[in-house]
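J.: Supplied in structure tokens, the structure appears directly below.
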Amino acid sequence: MGRGALRRPGRATHPGARDRRACGHAPAHEVDLSDIDRWAERRRIAEQGRCERAWSLWGPYLSERQWGTVREDYSADGNAWRSLTHEDARSRAYRWGEDGIAGLSDDHGLLNLSLCLWNGRDRILKERLYGVTNEEGNHGEDVKEVYHYLDAVPSHAYLKYLYKYPHGPFPYDDLRNESWRRRRDEPEYEIEDTGTFDQDRFFAVTVEYAKEDADDIHMTVTAVNRGAETAELHLVPQLWFRNTWGWRDGAIAWKPWLEMGADGRVACNHSRLGSYRLSFDGEPELLFCENETNLRLHGGRPDAPGPFKDGLDAAIVRGDREAVSATKGTKLGLHYRFTLEPGARAVVRLRLYAGTRPRLVDGQGALTRQRVEEADAFYDTLQDGIVCVDRQRIFRQAAAGLIWTKQLYRYDVRTWLMGDPLQPAPPPDRRHGRNAIWKNFAAADVLSMPDAWEYPWFAAWDLAFHCLPLALLDPDFAKSQLLLLTREWYMHPNGQLPAYEWELGDTNPPVHAWATFRVFEIDRDRRGGRGDIAFLEGVFHKLLINFTWWVNRKDADGRNVFQGGFLGLDNVGVFDRSRPPPGFGVVHQADGTAWMAMYALNMMRIALELALHNDVYESTASKFFEHFLGIAEAMTDMGGEGFGLWDEQDAFFYDEVDMPGGVMLPLRVRSMVGLVPLFAVEVIDPKMLQRLPDFARRMNWVLENRPHLAQLVSRWDEGGAGDRKLLSLLRGHRMKALLKRMLDEAEFLSDYGIRSLSKAHKDAPFHLEAFGASFSVRYDPADSTSNMFGGNSNWRGPVWMPMNYLIVEALRRFHTYYGDDFLVEYPTGSGQERTLEAIADALEDRLIALFTKGEDGRRPFFGTANRSHADKDEDEALLFHEFFDGDTGRGLGASHQTGWTALILNLLHHKARR
């Protein structure tokens with residue numbers, strides 16, 4: 001960001017003061033921003049980017065679930081969900097991370113701060129969020145809590161989180177048993193369905209963090225009794241050190257400690273992190289214990305001395321005061337007791353800061369209000385042009401979710417495989433099992449996670465999508481994320497990018513190059529036209545290796561037709577494409593091949609940008625140009641054998657199976673697989689060719705000397721709008737034919753975007769009989785009824801934000817070439833024709849409609865869920881789900897997966913700029 005961007009403008013007001021006629025929803029309040037530093041947050045981001053001030057030292061990096069992860073799985077059978085359960089979590093020390101509610105930690109996870117609660121009736125202290133496991137849930141793992149990320153800024157100078165805690169016993173057993181009982185074709189059993197929140201019998205608990213400095217954090221906890229009866233509430237803020245001393249010889253000598261000081265503050269001393277102090281208001285009971293496994297429960301040592309990790313639970317819930325210490329430990333709970341009448345509130349304030357100078361919590365409210373106003377100003381500039389207050393709310397809470405799901409991710413595969421010296425050795429088979437060939441992988445970084453509970457681990461293609469909305473908020477962080485996955489401690493020596501911890505060697509769609517260039521463009525726009533060439537070049541060199549890995553490993557026959565397994569689309573296919581049934585040959589994938597065509601064009605475009613600064617890249621761009629043409633040829637005619645992935649009769653792309661005897665069997669499932677070829681599109685401006693004459697000469701030579709290849713790209717010799725040149729897998733006829741299906745409301749087009757499977761398969765499922773087995777694919781608009789990839793995966797109908805985003809973007813790219821003269825019927829059968837740009841706008845509106853209030857006052861993503869506990873203020877607390885019902889728009893899957901669903905930010909941002 002240029003220094004010119006930090007100039008202070010004149011008087012301005014909260015976005016709510018703008019014209020609201022576009023949507024008619026008035027804000028809850030208006031804030032005059034004329035007297036505050038409007039650029040405070042941008043300055044903090046810039047200071048962090050220039051390494052001048054470590055605003056990112058502390059952030060919402062504490063996971064919401066460390067139990068049930070591969071990292072903590074040391075079992076013989078590799079069942080991570082059973083290896084360390086929710087029940088175990090309160091009494092077993094974690095090896096690789098920590099978890100908590102509304103938590104904060106430093107960027108190495110050494111010191112952690114979070115909230116736990118007790119209502120006097122639960123059987124356990126509420127220290128972490130509860131949910132059912134993949135085996136227990138009828139649709140896979142699912143968090144069974146009500147919480148929302150209300151606000152956040154990229155520097156974490158202000159964060160706000162809402163948690164709803166019931167008055168009565170938390171229904172752990174009911175949720176687990178009913179979820180296990182329900183079939184896949186039944187809806188999930190949520191906590192609202194248990195009656196726990198009926199008559200508003202809950203506490204609305206908000207947790208706010210406000211930084212006075214990079215290492216000076218104020219925490220404010222506010223609990224309000226929403227019920228009609230007086231209720232008991234224990235608020236127990238927790239502070240603890242991650243166990244770093246129990247795994248290796250000699251580490252105990254550097255064991256950190258927490259201790260109550262004579263000055264009434266808690267001293268926090270760590271050899272690496274340094275000295276911190278914790279100040280607090282009121283007179284809570286200080287309960288110390290050790291972040292150690294309870295060896296009486298898990299070590300077969302009934303006489304083992306405590307205190308242990310579960311000391312706070314034992315002391316508060318069961319009254320066992322011998323389970324804690326009053327003076328010193330590695331884990332601390334500040335125990336506040338309240339009896340709240342209806343509508344009454346309790347407030348607890350803490351302050352965690354570096355150094356030893358005494359600092360009080362006085363003035364904390366004023367600081368928090370200041371940080372809120374600075375956050376208002378920050379989003380006011382980002383939302384410039386978004387006049388609808390409801391859309392502003394969506395934008396801001398989506399941003400908050402994206403920021404809150406930054407997580408510290410620690411996983412050293414070599415150490416995990418071999419085990420720790422002070423712990424029992426892992427089973428021998430482990431060395432040849434999951435992730436065994438990824439010994440180079442050694443992560444200890446803050447990453448953008450898909451979800452902090454259901455997916456508390458990175459996923460490569462998810463993260464690529466995350467980086468686009470992140471680039472709007474904090475371009476430096478977005479760029480660092482894309483660079484990080486290409487580092488040697490992530491990327492395999494053979495060039496493969498790691499997929500996710502359950503199987504690092506799985507294959508995700510190769511969207512890293514696409515995301516890299518899009519982030520480069522967003523950042524360039526923010527920097528006044530100055531692109532970060534060093535960033536672009538750094539990622540490009542690593543992706544050269546990754547591209548080569550794809551060519552060498554995923555093109556089985558050397559035909560430029562690619563295989564990648566399920567490629568992130570889970571059960572969209574007839575069978576698991578990563579493991580075809582016995583007797584089936586090689587699956588030639590329409591999406592795998594199209595993804596590689598897109599990859600080639602993305603790499604070509606990056607090379608062209610780099611060539612503007614260094615002409616050595618012109619020949620590299622030519623190489624990717626030729627590679628794209630080779631893939632385009634293969635999709636039409638694989639190896640000159642008359643077989644292609646385009647079906648002229650159906651006007652669609654299908655996977656094909658190379659069966660024994662040379663028979664090519666098309667899998668005629670109309671799914672997102674056949675729409676991916678739309679994404680492989682690039683439009684070259686003639687000015688680019690003028691500036692890069694060597695590339696232009698090489699390109700023209702290929703087109704003149706290999707005319708059969710030239711015919712594969714749409715009218716290359718005929719310039720489009722502005723004499724632009726088009727590279728695409730789809731000529732005009734094929735594209736119109738494909739769009740006819742995609743824009744048909746009886747097939748792919750829903751009120752809320754493009755479905756992942758044609759609705760035509762609802763009444764006409766695809767069936768395949770082969771080798772004595774039967775396979776079928778049927779349209780399911782909501783949750784999966786297939787267990788092919790577990791219960792939490794379904795591409796057989798729902799709307800997925802990232803794929804829809806790519807469709808919208810592709811249509812806009814095509815329009816830059818075809819212009820306003822190229823019209824397509826929208827919706828199919830309506831008799832109304834629109835430009836591709838207008839269709840992209842219409843799809844954008846449908847996606848945005850998922851979150852906006854309709855005429856009935858409801859937001860489609862909420863569906864018909866029981867929200868009787870939502871009062872006026874909390875009704876505006878939103879969720880950003882993993883995917884959405886293809887018929888109703890109801891949110892499905894991970895309820896807090898703001899990761900790739902945060903692309904709604906880019907859609908809203910684009911809409912405002914237009």
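Each chain of the structure tokens is named A, B, ... in the order shown, its residues numbered from 1; ligands are numbered from 1 in display order.
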Find the spatial neighbours of range 292-295 of chain A, counting only C-alpha atoms, within a cut-off of 6 Å - ignore same-chain residues fewer than 4 positions away - and output them as a ChimeraX atom specification.
T.: /A:91-93,299,301,308-309
J.: Write out as a PyMOL selection string the set of residues from range 233-383 of chain A that DSSP, computed on the backbone, places in strand (DSSP E).
T.: chain A and resi 233-241+257-260+266-270+274-280+285-289+328-329+331-340+345-354
J.: Those same residues - N, CA and C atoms - I'd like them written as a short mmCIF file (atom, residue, chain, number, x, y, z; two decimals), in the first residue's frame.
T.:
```cif
data_model
loop_
_atom_site.label_atom_id
_atom_site.label_comp_id
_atom_site.auth_asym_id
_atom_site.auth_seq_id
_atom_site.Cartn_x
_atom_site.Cartn_y
_atom_site.Cartn_z
N LEU A 233 -24.51 -18.41 36.76
CA LEU A 233 -23.50 -18.46 35.71
C LEU A 233 -22.12 -18.28 36.30
N HIS A 234 -21.21 -19.15 35.93
CA HIS A 234 -19.80 -19.05 36.29
C HIS A 234 -19.02 -18.69 35.02
N LEU A 235 -18.36 -17.57 35.02
CA LEU A 235 -17.47 -17.19 33.93
C LEU A 235 -16.04 -17.48 34.36
N VAL A 236 -15.33 -18.23 33.54
CA VAL A 236 -13.98 -18.67 33.91
C VAL A 236 -13.01 -18.41 32.76
N PRO A 237 -12.54 -17.18 32.59
CA PRO A 237 -11.47 -16.95 31.61
C PRO A 237 -10.26 -17.84 31.95
N GLN A 238 -9.68 -18.43 30.92
CA GLN A 238 -8.54 -19.34 31.11
C GLN A 238 -7.29 -18.79 30.44
N LEU A 239 -6.17 -18.99 31.08
CA LEU A 239 -4.87 -18.64 30.51
C LEU A 239 -3.96 -19.83 30.75
N TRP A 240 -3.30 -20.30 29.69
CA TRP A 240 -2.45 -21.47 29.87
C TRP A 240 -1.36 -21.54 28.82
N PHE A 241 -0.30 -22.27 29.17
CA PHE A 241 0.79 -22.54 28.25
C PHE A 241 0.57 -23.88 27.56
N TRP A 257 5.81 -20.99 33.43
CA TRP A 257 4.96 -21.01 34.62
C TRP A 257 4.13 -19.75 34.74
N LEU A 258 3.00 -19.92 35.41
CA LEU A 258 2.09 -18.83 35.76
C LEU A 258 2.08 -18.74 37.29
N GLU A 259 2.13 -17.54 37.80
CA GLU A 259 2.20 -17.39 39.26
C GLU A 259 1.55 -16.09 39.69
N MET A 260 0.80 -16.15 40.78
CA MET A 260 0.19 -14.96 41.34
C MET A 260 1.25 -14.12 42.00
N VAL A 266 -1.02 -11.67 37.67
CA VAL A 266 -0.46 -12.98 37.39
C VAL A 266 0.75 -12.81 36.49
N ALA A 267 1.88 -13.36 36.91
CA ALA A 267 3.10 -13.34 36.11
C ALA A 267 3.10 -14.55 35.19
N CYS A 268 3.44 -14.31 33.91
CA CYS A 268 3.49 -15.36 32.90
C CYS A 268 4.91 -15.36 32.32
N ASN A 269 5.66 -16.38 32.57
CA ASN A 269 7.06 -16.40 32.18
C ASN A 269 7.35 -17.58 31.25
N HIS A 270 7.91 -17.26 30.10
CA HIS A 270 8.23 -18.28 29.11
C HIS A 270 9.59 -17.94 28.51
N GLY A 274 8.87 -14.72 26.51
CA GLY A 274 9.22 -13.62 27.40
C GLY A 274 8.23 -13.49 28.54
N SER A 275 8.26 -12.35 29.21
CA SER A 275 7.42 -12.11 30.38
C SER A 275 6.15 -11.36 30.00
N TYR A 276 5.03 -11.87 30.50
CA TYR A 276 3.74 -11.20 30.35
C TYR A 276 3.10 -11.08 31.74
N ARG A 277 2.13 -10.19 31.83
CA ARG A 277 1.35 -10.05 33.06
C ARG A 277 -0.13 -10.09 32.69
N LEU A 278 -0.92 -10.61 33.63
CA LEU A 278 -2.36 -10.62 33.46
C LEU A 278 -2.99 -9.82 34.60
N SER A 279 -3.67 -8.73 34.25
CA SER A 279 -4.45 -7.95 35.20
C SER A 279 -5.92 -8.28 35.02
N PHE A 280 -6.72 -8.09 36.07
CA PHE A 280 -8.13 -8.43 35.99
C PHE A 280 -8.90 -7.62 37.01
N GLU A 285 -11.78 -16.15 42.09
CA GLU A 285 -10.98 -17.20 42.70
C GLU A 285 -9.97 -17.68 41.67
N LEU A 286 -8.69 -17.64 41.99
CA LEU A 286 -7.64 -18.06 41.07
C LEU A 286 -7.35 -19.54 41.27
N LEU A 287 -7.53 -20.30 40.21
CA LEU A 287 -7.35 -21.75 40.26
C LEU A 287 -6.25 -22.15 39.29
N PHE A 288 -5.12 -22.62 39.83
CA PHE A 288 -3.99 -23.06 39.00
C PHE A 288 -3.97 -24.58 38.92
N CYS A 289 -3.56 -25.08 37.77
CA CYS A 289 -3.29 -26.51 37.63
C CYS A 289 -2.20 -26.66 36.58
N LYS A 328 0.43 -21.36 41.76
CA LYS A 328 1.32 -21.51 40.61
C LYS A 328 0.90 -22.70 39.75
N GLY A 329 1.22 -22.63 38.44
CA GLY A 329 0.93 -23.73 37.53
C GLY A 329 1.22 -23.34 36.10
N LYS A 331 -1.53 -23.68 33.90
CA LYS A 331 -2.89 -23.39 33.46
C LYS A 331 -3.61 -22.67 34.58
N LEU A 332 -4.38 -21.64 34.23
CA LEU A 332 -5.04 -20.81 35.23
C LEU A 332 -6.48 -20.53 34.81
N GLY A 333 -7.40 -20.66 35.76
CA GLY A 333 -8.77 -20.24 35.55
C GLY A 333 -9.13 -19.16 36.56
N LEU A 334 -9.70 -18.07 36.10
CA LEU A 334 -10.17 -17.00 36.98
C LEU A 334 -11.66 -17.20 37.16
N HIS A 335 -12.06 -17.66 38.33
CA HIS A 335 -13.42 -18.14 38.57
C HIS A 335 -14.30 -17.02 39.12
N TYR A 336 -15.22 -16.52 38.26
CA TYR A 336 -16.19 -15.50 38.65
C TYR A 336 -17.57 -16.17 38.78
N ARG A 337 -18.29 -15.87 39.86
CA ARG A 337 -19.63 -16.42 40.08
C ARG A 337 -20.67 -15.30 40.01
N PHE A 338 -21.78 -15.58 39.29
CA PHE A 338 -22.85 -14.60 39.17
C PHE A 338 -24.21 -15.29 39.29
N THR A 339 -25.15 -14.57 39.85
CA THR A 339 -26.56 -14.95 39.81
C THR A 339 -27.27 -13.83 39.09
N LEU A 340 -27.76 -14.11 37.89
CA LEU A 340 -28.30 -13.07 37.02
C LEU A 340 -29.81 -13.15 36.94
N ARG A 345 -26.95 -8.36 33.37
CA ARG A 345 -25.70 -8.68 32.70
C ARG A 345 -24.55 -8.72 33.69
N ALA A 346 -23.54 -9.50 33.33
CA ALA A 346 -22.29 -9.56 34.09
C ALA A 346 -21.16 -9.22 33.15
N VAL A 347 -20.20 -8.45 33.63
CA VAL A 347 -19.07 -8.03 32.81
C VAL A 347 -17.77 -8.38 33.53
N VAL A 348 -16.85 -8.98 32.80
CA VAL A 348 -15.53 -9.34 33.32
C VAL A 348 -14.49 -8.74 32.40
N ARG A 349 -13.46 -8.12 32.96
CA ARG A 349 -12.42 -7.49 32.16
C ARG A 349 -11.05 -8.02 32.57
N LEU A 350 -10.23 -8.30 31.56
CA LEU A 350 -8.86 -8.74 31.79
C LEU A 350 -7.93 -7.98 30.86
N ARG A 351 -6.66 -7.98 31.20
CA ARG A 351 -5.66 -7.34 30.34
C ARG A 351 -4.38 -8.17 30.37
N LEU A 352 -3.96 -8.63 29.21
CA LEU A 352 -2.74 -9.42 29.07
C LEU A 352 -1.73 -8.58 28.31
N TYR A 353 -0.56 -8.40 28.88
CA TYR A 353 0.41 -7.50 28.27
C TYR A 353 1.83 -7.96 28.54
N ALA A 354 2.73 -7.58 27.64
CA ALA A 354 4.14 -7.94 27.78
C ALA A 354 4.81 -7.02 28.79
#
```
J.: For Ala534 in chain A, which residue among A:Trp39, A:Trp900, A:Tyr209, A:Phe520 is the nearest when counting only C-alpha atoms?
T.: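 So, comparing all the options, the nearest one is A:Phe520.
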J.: Pick from A:Leu544, A:Val824, A:Ile217, A:Ala377: nearest to Leu57 in chain A, with only C-alpha atoms counted?
T.: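 Checking each of A:Leu544, A:Val824, A:Ile217, A:Ala377 against Leu57 in chain A, counting only C-alpha atoms, the winner is A:Ile217.
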J.: What does the structure give for the distance between CA of Asn134 in chain A and CA of Arg184 in chain A, in Å to one decimal?
T.: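 Going from CA of Asn134 in chain A over to CA of Arg184 in chain A covers 12.3 Å.
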J.: For Ser578 in chain A, please output as an NGL selection string all residues within 10 Å (counting only C-alpha atoms; exclusion window: fewer than 6 positions along the same chain).
T.: :A and (506-507 or 563-567 or 570 or 587)
J.: For Phe547 in chain A, please output as a list of chain:residue names all residues within 10 Å (counting only C-alpha atoms; exclusion window: fewer than 2 positions along the same chain).
T.: A:Gly495, A:Gln496, A:Pro510, A:Ala513, A:Lys542, A:Leu543, A:Leu544, A:Ile545, A:Trp549, A:Trp550, A:Val551, A:Asn552, A:Arg553, A:Met596, A:Tyr599, A:Ala600, A:Met603
J.: Give me, as a ChimeraX atom specification, all polymer residues having an atom no more than 6 Å from Ser756 in chain A, counting only C-alpha atoms and skipping those fewer than 4 positions away in the same chain.
T.: /A:671-672,795-799
J.: Those selected residues, please, written with N, CA and C atoms and delivered as a PDB file, in the first residue's frame.
T.:
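Result saved to again.pdb:
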```pdb
ATOM      1  N   SER A 671     -22.843 -33.013 -14.511  1.00  0.00           N
ATOM      2  CA  SER A 671     -22.441 -32.490 -13.212  1.00  0.00           C
ATOM      3  C   SER A 671     -21.454 -31.341 -13.402  1.00  0.00           C
ATOM      4  N   MET A 672     -21.004 -30.810 -12.291  1.00  0.00           N
ATOM      5  CA  MET A 672     -20.015 -29.741 -12.315  1.00  0.00           C
ATOM      6  C   MET A 672     -18.766 -30.161 -13.073  1.00  0.00           C
ATOM      7  N   TRP A 795     -21.625 -33.385  -3.618  1.00  0.00           N
ATOM      8  CA  TRP A 795     -21.637 -32.540  -4.813  1.00  0.00           C
ATOM      9  C   TRP A 795     -22.749 -32.990  -5.758  1.00  0.00           C
ATOM     10  N   ARG A 796     -23.788 -33.597  -5.216  1.00  0.00           N
ATOM     11  CA  ARG A 796     -24.864 -34.121  -6.056  1.00  0.00           C
ATOM     12  C   ARG A 796     -26.082 -33.195  -6.069  1.00  0.00           C
ATOM     13  N   GLY A 797     -25.834 -31.910  -6.061  1.00  0.00           N
ATOM     14  CA  GLY A 797     -26.947 -30.985  -6.175  1.00  0.00           C
ATOM     15  C   GLY A 797     -26.740 -29.630  -5.542  1.00  0.00           C
ATOM     16  N   PRO A 798     -26.152 -29.536  -4.365  1.00  0.00           N
ATOM     17  CA  PRO A 798     -26.042 -28.225  -3.704  1.00  0.00           C
ATOM     18  C   PRO A 798     -25.215 -27.206  -4.484  1.00  0.00           C
ATOM     19  N   VAL A 799     -25.398 -25.964  -4.115  1.00  0.00           N
ATOM     20  CA  VAL A 799     -24.650 -24.845  -4.684  1.00  0.00           C
ATOM     21  C   VAL A 799     -23.383 -24.642  -3.860  1.00  0.00           C
TER      22      VAL A 799
END
```
J.: With a cut-off of 12 Å, could you pull out the residues of range 104-163 of chain A touching range 446-450 of chain A and give me the nearest pair of atoms for each, distance in Å to one decimal, using only C-alpha atoms, ordered by chain and ascending number, as CSV?
T.:
```
residue,atom,partner,partner_atom,distance
A:Ser105,CA,A:Val446,CA,10.8
A:Asp106,CA,A:Val446,CA,9.9
A:Asp107,CA,A:Val446,CA,6.6
A:His108,CA,A:Val446,CA,8.3
A:Gly109,CA,A:Val446,CA,9.6
```
J.: Keeping N, CA and C atoms, export the residues of the selection given above as a PDB file, in the first residue's frame.
T.:
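Final file, part.pdb:
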```pdb
ATOM      1  N   SER A 105      -4.286 -16.478  20.891  1.00  0.00           N
ATOM      2  CA  SER A 105      -2.966 -16.997  21.259  1.00  0.00           C
ATOM      3  C   SER A 105      -1.905 -16.211  20.509  1.00  0.00           C
ATOM      4  N   ASP A 106      -0.654 -16.404  20.927  1.00  0.00           N
ATOM      5  CA  ASP A 106       0.446 -15.850  20.145  1.00  0.00           C
ATOM      6  C   ASP A 106       0.649 -16.721  18.915  1.00  0.00           C
ATOM      7  N   ASP A 107       1.461 -16.253  17.974  1.00  0.00           N
ATOM      8  CA  ASP A 107       1.571 -16.944  16.687  1.00  0.00           C
ATOM      9  C   ASP A 107       2.366 -18.238  16.743  1.00  0.00           C
ATOM     10  N   HIS A 108       2.864 -18.606  17.920  1.00  0.00           N
ATOM     11  CA  HIS A 108       3.463 -19.933  18.105  1.00  0.00           C
ATOM     12  C   HIS A 108       2.631 -20.795  19.051  1.00  0.00           C
ATOM     13  N   GLY A 109       1.495 -20.249  19.497  1.00  0.00           N
ATOM     14  CA  GLY A 109       0.607 -21.016  20.356  1.00  0.00           C
ATOM     15  C   GLY A 109       1.202 -21.351  21.703  1.00  0.00           C
TER      16      GLY A 109
END
```
J.: List every residue of range 518-666 of chain A that DSSP, applied to the backbone of this structure, places in helix (DSSP H, G or I), and write the result as a PyMOL selection string.
T.: chain A and resi 518-526+533-553+570-572+590-611+617-636+638-640
J.: Show which residues sit within 9 Å of range 757-770 of chain A, as a ChimeraX atom specification. Count only C-alpha atoms, and ignore same-chain residues fewer than 4 positions away.
T.: /A:572,574,583-584,667-673,741-742,745-749,774-781,795-799,886
J.: Counting only C-alpha atoms, which of A:Ala459, A:Leu360, A:Leu610, A:Leu729 gets nearest to Asp532 in chain A?
T.: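 Closest to Asp532 in chain A, using only C-alpha atoms: A:Leu610.
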J.: Give the answer as one residue: which of A:Pro421, A:Pro305, A:Gly300, A:Gly120 has the shortest atom-to-atom distance to Gly246 in chain A, using only C-alpha atoms?
T.: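 Smallest distance to Gly246 in chain A is found for A:Pro421.
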J.: From the list A:Lys255, A:Arg487, A:Arg53, A:His466, which residue is nearest Leu903 in chain A when using only C-alpha atoms?
T.: A:His466
J.: Need the shell around Glu135 in chain A: protein/DNA/RNA residues with any atom at most 10 Å away, counting only C-alpha atoms. Skip same-chain ones fewer than 3 positions apart. Format as a short mmCIF file (atom, residue, chain, number, x, y, z; two decimals) with C-alpha atoms, in the first residue's frame?
T.:
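Final output, result-v9.cif:
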```cif
data_model
loop_
_atom_site.label_atom_id
_atom_site.label_comp_id
_atom_site.auth_asym_id
_atom_site.auth_seq_id
_atom_site.Cartn_x
_atom_site.Cartn_y
_atom_site.Cartn_z
CA TRP A 81 -12.02 -39.47 15.92
CA ARG A 82 -11.61 -42.27 18.46
CA VAL A 132 -20.62 -35.13 16.86
CA ASN A 138 -25.90 -38.70 10.04
CA HIS A 139 -24.12 -36.25 7.71
CA GLY A 140 -20.68 -36.54 9.21
CA GLU A 141 -19.00 -34.37 11.80
CA SER A 179 -27.59 -37.80 15.49
CA TRP A 180 -26.37 -41.39 15.41
CA GLY A 790 -18.39 -40.04 4.46
CA GLY A 791 -21.47 -38.15 5.45
#
```
J.: Between A:Ala304, A:Ile252, A:Leu892, A:Ile533, which has the minimum distance to Ala865 in chain A (counting only C-alpha atoms)?
T.: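 Using only C-alpha atoms, Ala865 in chain A sits closest to A:Leu892.
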J.: Could you please determine the separation between CA of Arg248 in chain A and CA of Ala76 in chain A in Å, to one decimal place?
T.: 22.0 Å
